[in-house]
$ cat coords-v9.tsv   # TSV, C-alpha atoms and all ligand atoms
chain	number	residue	atom	x	y	z
A	14	MET	CA	84.00	89.69	134.00
A	15	SER	CA	86.44	89.00	131.19
A	16	LYS	CA	89.66	90.88	131.16
A	17	ILE	CA	92.08	91.40	128.29
A	18	THR	CA	95.68	91.43	129.44
A	19	LEU	CA	98.58	93.41	128.03
A	20	ASN	CA	100.46	90.21	127.31
A	21	GLY	CA	102.39	90.50	124.04
A	22	CYS	CA	101.14	93.93	123.01
A	23	LEU	CA	103.21	96.86	121.74
A	24	ASP	CA	102.42	100.51	122.40
A	25	LEU	CA	104.02	102.66	119.69
A	26	HIS	CA	103.24	106.04	121.23
A	27	ILE	CA	104.51	106.76	124.73
A	28	HIS	CA	105.93	110.02	126.09
A	29	CYS	CA	108.68	109.20	128.60
A	30	HIS	CA	111.08	111.21	130.68
A	31	PRO	CA	113.63	112.68	130.06
A	32	ASP	CA	111.36	115.26	128.43
A	33	VAL	CA	110.48	118.93	128.59
A	34	LYS	CA	106.99	118.38	130.01
A	35	GLU	CA	106.30	116.47	133.21
A	36	ARG	CA	105.96	112.75	132.52
A	37	SER	CA	104.61	109.83	134.54
A	38	VAL	CA	107.22	107.31	133.35
A	39	ASN	CA	110.78	107.26	132.11
A	40	ASP	CA	112.41	104.92	129.61
A	41	ILE	CA	113.61	102.60	132.37
A	42	SER	CA	110.43	102.50	134.46
A	43	MET	CA	108.39	101.91	131.31
A	44	ALA	CA	110.60	98.99	130.29
A	45	GLN	CA	110.18	97.54	133.76
A	46	TYR	CA	106.38	97.93	133.54
A	47	CYS	CA	106.47	96.08	130.22
A	48	ILE	CA	108.35	93.20	131.72
A	49	ASP	CA	106.09	93.08	134.77
A	50	SER	CA	102.88	93.16	132.69
A	51	GLY	CA	104.00	90.94	129.82
A	52	MET	CA	103.88	93.79	127.30
A	53	ARG	CA	106.20	93.13	124.40
A	54	GLY	CA	107.53	96.66	124.18
A	55	PHE	CA	107.03	100.30	123.28
A	56	LEU	CA	108.17	103.21	121.14
A	57	ILE	CA	109.27	106.43	122.82
A	58	LYS	CA	108.06	109.75	121.47
A	59	SER	CA	109.29	113.22	122.33
A	60	HIS	CA	108.07	116.35	120.58
A	61	ASP	CA	111.53	117.87	120.94
A	62	TRP	CA	114.26	115.25	121.07
A	63	SER	CA	115.29	112.21	119.18
A	64	THR	CA	114.68	109.13	121.30
A	65	HIS	CA	116.32	106.44	119.17
A	66	ASP	CA	119.69	106.76	120.90
A	67	ARG	CA	118.25	106.42	124.41
A	68	ALA	CA	116.05	103.55	123.24
A	69	SER	CA	119.19	101.66	122.19
A	70	ILE	CA	120.78	102.21	125.60
A	71	ALA	CA	117.61	101.18	127.44
A	72	LYS	CA	117.46	98.05	125.29
A	73	THR	CA	120.90	96.99	126.46
A	74	LEU	CA	119.52	97.03	130.03
A	75	PHE	CA	116.29	95.21	129.13
A	76	PRO	CA	117.04	92.92	126.19
A	77	GLU	CA	113.81	91.01	126.76
A	78	CYS	CA	111.77	94.16	126.06
A	79	GLU	CA	111.40	95.71	122.60
A	80	ILE	CA	112.26	99.40	122.95
A	81	PHE	CA	112.16	101.72	119.95
A	82	GLY	CA	112.80	105.40	119.43
A	83	SER	CA	111.68	108.08	117.02
A	84	LEU	CA	112.40	111.55	115.76
A	85	CYS	CA	109.88	114.35	115.66
A	86	MET	CA	110.32	117.15	113.11
A	87	ASN	CA	109.70	120.11	115.39
A	88	LEU	CA	111.70	123.31	115.86
A	89	SER	CA	114.47	121.58	117.84
A	90	HIS	CA	115.56	120.16	114.49
A	91	GLY	CA	115.21	123.41	112.53
A	92	PRO	CA	112.46	125.52	110.95
A	93	ARG	CA	111.73	123.02	108.15
A	94	VAL	CA	111.41	119.26	107.98
A	95	ASN	CA	115.01	118.10	108.21
A	96	PRO	CA	115.98	115.07	106.06
A	97	PHE	CA	119.60	115.27	107.22
A	98	ALA	CA	118.57	114.70	110.85
A	99	VAL	CA	116.47	111.75	109.65
A	100	SER	CA	119.30	110.23	107.60
A	101	GLN	CA	121.63	110.42	110.62
A	102	ALA	CA	118.99	108.95	112.94
A	103	VAL	CA	118.46	105.86	110.78
A	104	LYS	CA	122.23	105.32	110.58
A	105	THR	CA	122.74	105.46	114.35
A	106	TRP	CA	124.05	102.39	116.17
A	107	GLY	CA	121.30	100.23	117.58
A	108	ASN	CA	118.89	100.55	114.64
A	109	SER	CA	116.27	101.92	117.02
A	110	CYS	CA	114.84	104.81	115.00
A	111	ARG	CA	111.63	103.23	113.73
A	112	CYS	CA	109.42	106.27	113.26
A	113	VAL	CA	109.77	109.83	111.99
A	114	TRP	CA	106.92	112.09	113.00
A	115	LEU	CA	106.14	115.02	110.74
A	116	PRO	CA	105.76	118.27	112.74
A	117	THR	CA	103.46	117.97	115.73
A	118	ARG	CA	103.32	120.75	118.32
A	119	GLU	CA	105.05	123.17	115.93
A	120	SER	CA	103.30	122.11	112.73
A	121	ALA	CA	101.96	124.89	110.51
A	122	PHE	CA	98.46	123.53	111.20
A	123	ASP	CA	98.87	123.70	114.99
A	124	MET	CA	100.52	127.12	114.93
A	125	LYS	CA	97.68	128.54	112.85
A	126	ARG	CA	95.09	126.81	115.03
A	127	ASN	CA	96.69	128.31	118.13
A	128	TYR	CA	97.09	131.78	116.58
A	129	ALA	CA	100.83	131.59	117.22
A	130	LYS	CA	103.20	134.22	115.82
A	131	HIS	CA	105.51	131.56	114.38
A	132	PRO	CA	104.25	130.25	111.03
A	133	GLY	CA	105.09	126.70	112.06
A	134	ILE	CA	106.81	123.99	110.05
A	135	PRO	CA	105.07	123.38	106.75
A	136	VAL	CA	104.57	120.02	105.03
A	137	VAL	CA	102.86	121.39	101.91
A	138	ASP	CA	103.28	124.55	99.83
A	139	ALA	CA	100.66	127.23	99.22
A	140	TYR	CA	99.05	125.02	96.54
A	141	GLY	CA	98.85	121.95	98.77
A	142	ASN	CA	101.79	120.17	97.13
A	143	VAL	CA	103.98	118.13	99.49
A	144	LEU	CA	107.31	119.92	99.97
A	145	PRO	CA	110.57	118.50	98.56
A	146	GLU	CA	112.15	118.03	102.00
A	147	VAL	CA	109.14	115.99	103.07
A	148	ILE	CA	109.43	113.83	99.93
A	149	LYS	CA	113.14	113.35	100.70
A	150	THR	CA	112.24	112.31	104.26
A	151	MET	CA	109.70	109.84	102.86
A	152	GLU	CA	112.41	108.38	100.61
A	153	ILE	CA	114.74	107.88	103.58
A	154	CYS	CA	111.96	106.23	105.61
A	155	ALA	CA	111.04	104.02	102.63
A	156	GLU	CA	114.66	102.94	102.21
A	157	ALA	CA	115.02	102.20	105.94
A	158	ASP	CA	111.53	100.61	105.98
A	159	ILE	CA	110.39	102.62	108.99
A	160	ILE	CA	107.26	104.63	109.77
A	161	LEU	CA	106.65	108.14	108.61
A	162	ALA	CA	103.82	109.49	110.78
A	163	SER	CA	101.50	112.33	109.78
A	164	GLY	CA	102.02	114.29	113.01
A	165	HIS	CA	99.69	117.21	113.59
A	166	SER	CA	98.57	117.83	110.04
A	167	SER	CA	95.21	119.00	108.72
A	168	ASN	CA	92.86	116.61	106.95
A	169	GLU	CA	93.81	118.05	103.55
A	170	GLU	CA	97.53	117.82	104.32
A	171	THR	CA	97.11	114.24	105.53
A	172	VAL	CA	95.52	113.13	102.26
A	173	ALA	CA	98.27	114.89	100.25
A	174	LEU	CA	100.90	113.17	102.41
A	175	ALA	CA	99.26	109.75	101.99
A	176	GLN	CA	99.18	110.26	98.22
A	177	ALA	CA	102.86	111.32	98.13
A	178	ALA	CA	103.82	108.38	100.36
A	179	LYS	CA	102.16	106.02	97.93
A	180	GLU	CA	104.02	107.56	94.99
A	181	VAL	CA	107.35	107.33	96.84
A	182	GLY	CA	106.71	103.68	97.69
A	183	LEU	CA	106.73	104.25	101.44
A	184	ARG	CA	105.16	101.13	102.95
A	185	LYS	CA	104.66	102.49	106.44
A	186	PHE	CA	102.83	105.78	106.25
A	187	VAL	CA	100.87	106.17	109.48
A	188	VAL	CA	98.06	108.61	110.14
A	189	THR	CA	98.41	109.43	113.80
A	190	HIS	CA	95.79	110.63	116.29
A	191	ALA	CA	92.98	109.83	113.85
A	192	THR	CA	90.35	110.34	116.54
A	193	SER	CA	92.11	112.92	118.73
A	194	ASP	CA	90.11	116.15	118.78
A	195	PRO	CA	92.24	118.82	117.05
A	196	TRP	CA	93.51	116.41	114.38
A	197	MET	CA	90.35	114.34	114.05
A	198	LEU	CA	89.98	112.84	110.59
A	199	SER	CA	86.66	113.10	108.84
A	200	LEU	CA	85.24	109.74	107.79
A	201	ASP	CA	85.88	110.74	104.18
A	202	THR	CA	89.56	111.52	104.89
A	203	LEU	CA	89.90	108.24	106.78
A	204	LYS	CA	88.59	106.29	103.78
A	205	LYS	CA	90.87	108.17	101.37
A	206	CYS	CA	93.91	107.44	103.56
A	207	PHE	CA	93.09	103.73	103.74
A	208	ALA	CA	92.56	103.65	99.97
A	209	LEU	CA	96.07	105.12	99.58
A	210	GLY	CA	97.56	102.37	101.73
A	211	ALA	CA	98.00	104.23	105.01
A	212	TYR	CA	97.88	102.71	108.49
A	213	VAL	CA	95.77	104.52	111.07
A	214	GLU	CA	96.38	104.97	114.78
A	215	HIS	CA	93.77	105.53	117.48
A	216	ALA	CA	95.12	106.80	120.80
A	217	TYR	CA	93.46	106.13	124.15
A	218	VAL	CA	94.29	109.62	125.45
A	219	ALA	CA	91.65	111.01	123.07
A	220	LEU	CA	88.95	109.30	125.12
A	221	ILE	CA	89.98	110.67	128.48
A	222	TRP	CA	91.25	114.20	127.99
A	223	GLY	CA	89.11	117.30	128.36
A	224	PRO	CA	87.96	119.44	131.32
A	225	GLU	CA	89.78	118.77	134.64
A	226	THR	CA	92.71	117.08	132.87
A	227	PRO	CA	96.11	118.39	131.74
A	228	PHE	CA	94.46	118.91	128.31
A	229	PRO	CA	91.36	120.92	129.29
A	230	HIS	CA	90.84	122.44	125.83
A	231	TYR	CA	90.59	119.17	123.94
A	232	LYS	CA	87.23	117.55	123.41
A	233	PRO	CA	87.15	113.86	124.36
A	234	CYS	CA	86.27	111.46	121.56
A	235	SER	CA	83.38	109.05	122.05
A	236	ILE	CA	83.97	105.31	122.05
A	237	GLU	CA	81.24	105.05	119.42
A	238	ARG	CA	83.25	107.15	117.00
A	239	ILE	CA	86.38	105.09	117.55
A	240	LEU	CA	84.36	101.92	116.92
A	241	GLU	CA	82.94	103.43	113.74
A	242	TYR	CA	86.42	104.35	112.50
A	243	ILE	CA	87.94	100.97	113.40
A	244	ALA	CA	85.16	99.24	111.45
A	245	VAL	CA	86.22	100.98	108.21
A	246	CYS	CA	89.44	98.96	107.96
A	247	PRO	CA	90.52	97.07	111.10
A	248	GLU	CA	93.23	95.32	109.06
A	249	ARG	CA	95.23	98.56	108.82
A	250	THR	CA	94.33	99.99	112.23
A	251	PHE	CA	96.36	99.92	115.44
A	252	LEU	CA	95.94	101.17	118.98
A	253	THR	CA	98.25	103.18	121.21
A	254	SER	CA	97.96	105.00	124.51
A	255	ASP	CA	99.69	108.33	123.59
A	256	LEU	CA	100.11	108.58	127.36
A	257	GLY	CA	102.98	109.52	129.64
A	258	THR	CA	101.61	112.94	130.56
A	259	ALA	CA	101.78	113.44	134.33
A	260	GLY	CA	98.29	113.63	135.82
A	261	LEU	CA	96.81	111.05	133.45
A	262	PRO	CA	96.90	107.24	133.80
A	263	ALA	CA	100.26	105.57	133.19
A	264	PRO	CA	100.63	104.32	129.59
A	265	HIS	CA	100.25	100.62	130.41
A	266	ASP	CA	97.15	101.27	132.52
A	267	GLY	CA	95.66	103.36	129.72
A	268	MET	CA	96.42	100.71	127.13
A	269	ALA	CA	94.82	98.00	129.27
A	270	ALA	CA	91.75	100.18	129.83
A	271	PHE	CA	91.49	100.87	126.08
A	272	MET	CA	91.66	97.19	125.15
A	273	ASN	CA	89.12	96.22	127.80
A	274	LEU	CA	86.76	99.00	126.79
A	275	LEU	CA	86.80	97.83	123.17
A	276	TYR	CA	86.23	94.26	124.32
A	277	THR	CA	83.26	95.40	126.38
A	278	TYR	CA	81.87	97.03	123.25
A	279	GLY	CA	82.07	93.80	121.30
A	280	ILE	CA	85.47	93.90	119.59
A	281	SER	CA	86.82	90.34	119.55
A	282	THR	CA	90.06	89.31	121.23
A	283	LYS	CA	91.31	88.34	117.77
A	284	SER	CA	90.71	91.83	116.46
A	285	ILE	CA	92.26	93.43	119.57
A	286	ASP	CA	95.28	91.16	119.11
A	287	HIS	CA	95.53	92.33	115.52
A	288	MET	CA	95.47	96.02	116.47
A	289	THR	CA	97.82	95.77	119.46
A	290	LYS	CA	100.20	93.00	118.39
A	291	THR	CA	100.12	92.10	114.70
A	292	VAL	CA	100.03	95.55	113.10
A	293	PRO	CA	102.48	97.21	115.56
A	294	ALA	CA	104.87	94.24	115.22
A	295	MET	CA	104.76	94.52	111.43
A	296	LEU	CA	105.36	98.28	111.64
A	297	MET	CA	108.43	97.61	113.83
A	298	ASN	CA	109.64	94.82	111.54
A	299	LEU	CA	109.24	92.26	114.32
A	300	LYS	CA	108.16	88.70	113.82
A	301	GLU	CA	104.72	88.00	115.18
A	302	GLN	CA	104.64	86.11	118.46
A	303	THR	CA	102.61	82.96	118.57
A	304	THR	CA	101.21	83.29	122.10
A	305	ARG	CA	97.50	84.06	122.35
A	306	GLN	CA	95.94	86.88	124.31
A	307	GLU	CA	95.24	85.63	127.79
A	308	GLN	CA	91.73	85.78	129.02
A	309	THR	CA	90.66	85.28	132.58
A	310	THR	CA	87.30	85.46	134.21
B	401	ZN	ZN	101.80	111.94	121.50

$ encode --input "coords-v9.tsv" --output "structure tokens"
Amino acid sequence: MSKITLNGCLDLHIHCHPDVKERSVNDISMAQYCIDSGMRGFLIKSHDWSTHDRASIAKTLFPECEIFGSLCMNLSHGPRVNPFAVSQAVKTWGNSCRCVWLPTRESAFDMKRNYAKHPGIPVVDAYGNVLPEVIKTMEICAEADIILASGHSSNEETVALAQAAKEVGLRKFVVTHATSDPWMLSLDTLKKCFALGAYVEHAYVALIWGPETPFPHYKPCSIERILEYIAVCPERTFLTSDLGTAGLPAPHDGMAAFMNLLYTYGISTKSIDHMTKTVPAMLMNLKEQTTRQEQTT
């Protein structure tokens, strides 16, 4: 049986310790796994804390591994999207802040969906217009040439954000969790986002969560749907694990399983390379490596 290896791939969505929730890896163990498996590197996400500073420190210990950080606009950074926090993050020594996530766990969409008392952090006003602080954040990300990710937004919000990103001239607007249950894009929204120049992420966790897992309330996505969504525009699609949650497979195991599953379903090694190496490397402003995906039988 053919097997796709992790050699050269980048996973831009990993939840590592130190974090508030229990995690299966930390920044250091993840870097070591990358080196052991041939993975090129990873981007650390925390819903609460900035991870660009710790990424820079980890990188000094593992210079052969690409380690990036990010900043997530949840309540730890104030009740609104916070452009000042973003401007400081992109100025921090190490140049490791390569992604700003719009609100996730505390987004207005998630708070409403969960019937929470807190209104959540908005990205649009009552008329659906993208808020000024979000535009300012887009401008900072455009200037720094880093990702602004949609976070946990509704379909309507995501289209409005993609439109605003295009107007601002943000090159790296990423629609995250495109096939993860609560934030699942409709096919129509997916097409609109691609037409507006967005990149789209599919996360492996969406295939494996559900009953008997740490995310029992989320409905697992079918592989068929992910294949259907990839087919719309593989050129602007990339794959991540979105793993790190204790009780689920480790991120590198999840990523390997994802790539092999897609291969089993007929996606070519070239296309898998594109979605796990080429697009993530471009999003991180890395030069593409010339080594080919290894295949063994
Ligand atoms: Zn995540």

$ residues_around --input "coords-v9.tsv" --residues "stretch 193-203 of chain A" --least-positions-apart "6" --cutoff "9 Å" --atoms "only C-alpha atoms" --output "list in words"
Asp123, Arg126, Gly164, His165, Ser166, Ser167, Asn168, Glu169, Thr171, Val172, Val213, His215, Ala216, Tyr217, Val218, Ala219, Leu220, Tyr231, Lys232, Pro233, Cys234, Glu241, Tyr242 and Val245 of chain A

$ residues_near_ligand --input "coords-v9.tsv" --ligand "ligand ZN 401 (chain B)" --cutoff "9 Å" --atoms "all atoms listed in the file" --output "list in words"
His26, Ile27, His28, Lys58, Ser59, His60, Thr117, Gly164, Thr189, His190, Ala216, Val218, Ser254, Asp255, Leu256 and Gly257 of chain A

$ residues_around --input "coords-v9.tsv" --residues "A:Trp62" --least-positions-apart "5" --cutoff "9 Å" --atoms "all atoms listed in the file" --output "mmCIF file with C-alpha atoms, in the frame of the given file"
data_model
loop_
_atom_site.group_PDB
_atom_site.id
_atom_site.type_symbol
_atom_site.label_atom_id
_atom_site.label_comp_id
_atom_site.auth_asym_id
_atom_site.auth_seq_id
_atom_site.Cartn_x
_atom_site.Cartn_y
_atom_site.Cartn_z
ATOM 1 C CA ASP A 32 111.360 115.260 128.430
ATOM 2 C CA SER A 83 111.680 108.080 117.020
ATOM 3 C CA LEU A 84 112.400 111.550 115.760
ATOM 4 C CA CYS A 85 109.880 114.350 115.660
ATOM 5 C CA ASN A 87 109.700 120.110 115.390
ATOM 6 C CA SER A 89 114.470 121.580 117.840
ATOM 7 C CA HIS A 90 115.560 120.160 114.490
#

$ atom_distance --input "coords-v9.tsv" --atom1 "atom CA of A:Ser63" --atom2 "atom CA of A:Met297"
17.0 Å

$ axis_aligned_box --input "coords-v9.tsv" --around "stretch 78-94 of chain A" --padding-each-side "4 Å" --output "JSON"
{"center_x": 112.6, "center_y": 109.8, "center_z": 117.0, "size_x": 13.9, "size_y": 39.4, "size_z": 26.1}

$ atom_distance --input "coords-v9.tsv" --atom1 "atom CA of A:Leu19" --atom2 "atom CA of A:Thr258"
19.9 Å

$ atom_distance --input "coords-v9.tsv" --atom1 "atom CA of A:Leu296" --atom2 "atom CA of A:Gly82"
12.9 Å

$ closest_residue --input "coords-v9.tsv" --among "A:Lys130, A:Arg111, A:Lys34, A:Lys104" --to "A:Phe81" --atoms "all atoms listed in the file"
A:Arg111

$ closest_residue --input "coords-v9.tsv" --among "A:Thr64, A:Ser120, A:Asn108, A:Ser100" --to "A:His30" --atoms "only C-alpha atoms"
A:Thr64

$ residues_around --input "coords-v9.tsv" --residues "A:Tyr46" --least-positions-apart "6" --cutoff "10 Å" --atoms "all atoms listed in the file" --output "VMD selection string"
chain A and resid 38 52 54 78 263 to 266

$ write_last_selection --input "coords-v9.tsv" --atoms "C-alpha atoms" --output "PDB file, keeping the file's coordinate frame"
ATOM      1  CA  VAL A  38     107.220 107.310 133.350  1.00  0.00           C
ATOM      2  CA  MET A  52     103.880  93.790 127.300  1.00  0.00           C
ATOM      3  CA  GLY A  54     107.530  96.660 124.180  1.00  0.00           C
ATOM      4  CA  CYS A  78     111.770  94.160 126.060  1.00  0.00           C
ATOM      5  CA  ALA A 263     100.260 105.570 133.190  1.00  0.00           C
ATOM      6  CA  PRO A 264     100.630 104.320 129.590  1.00  0.00           C
ATOM      7  CA  HIS A 265     100.250 100.620 130.410  1.00  0.00           C
ATOM      8  CA  ASP A 266      97.150 101.270 132.520  1.00  0.00           C
TER       9      ASP A 266
END

$ closest_residue --input "coords-v9.tsv" --among "A:Ala191, A:Asn127, A:Ile148, A:Ile159" --to "A:Lys179" --atoms "only C-alpha atoms"
A:Ile148
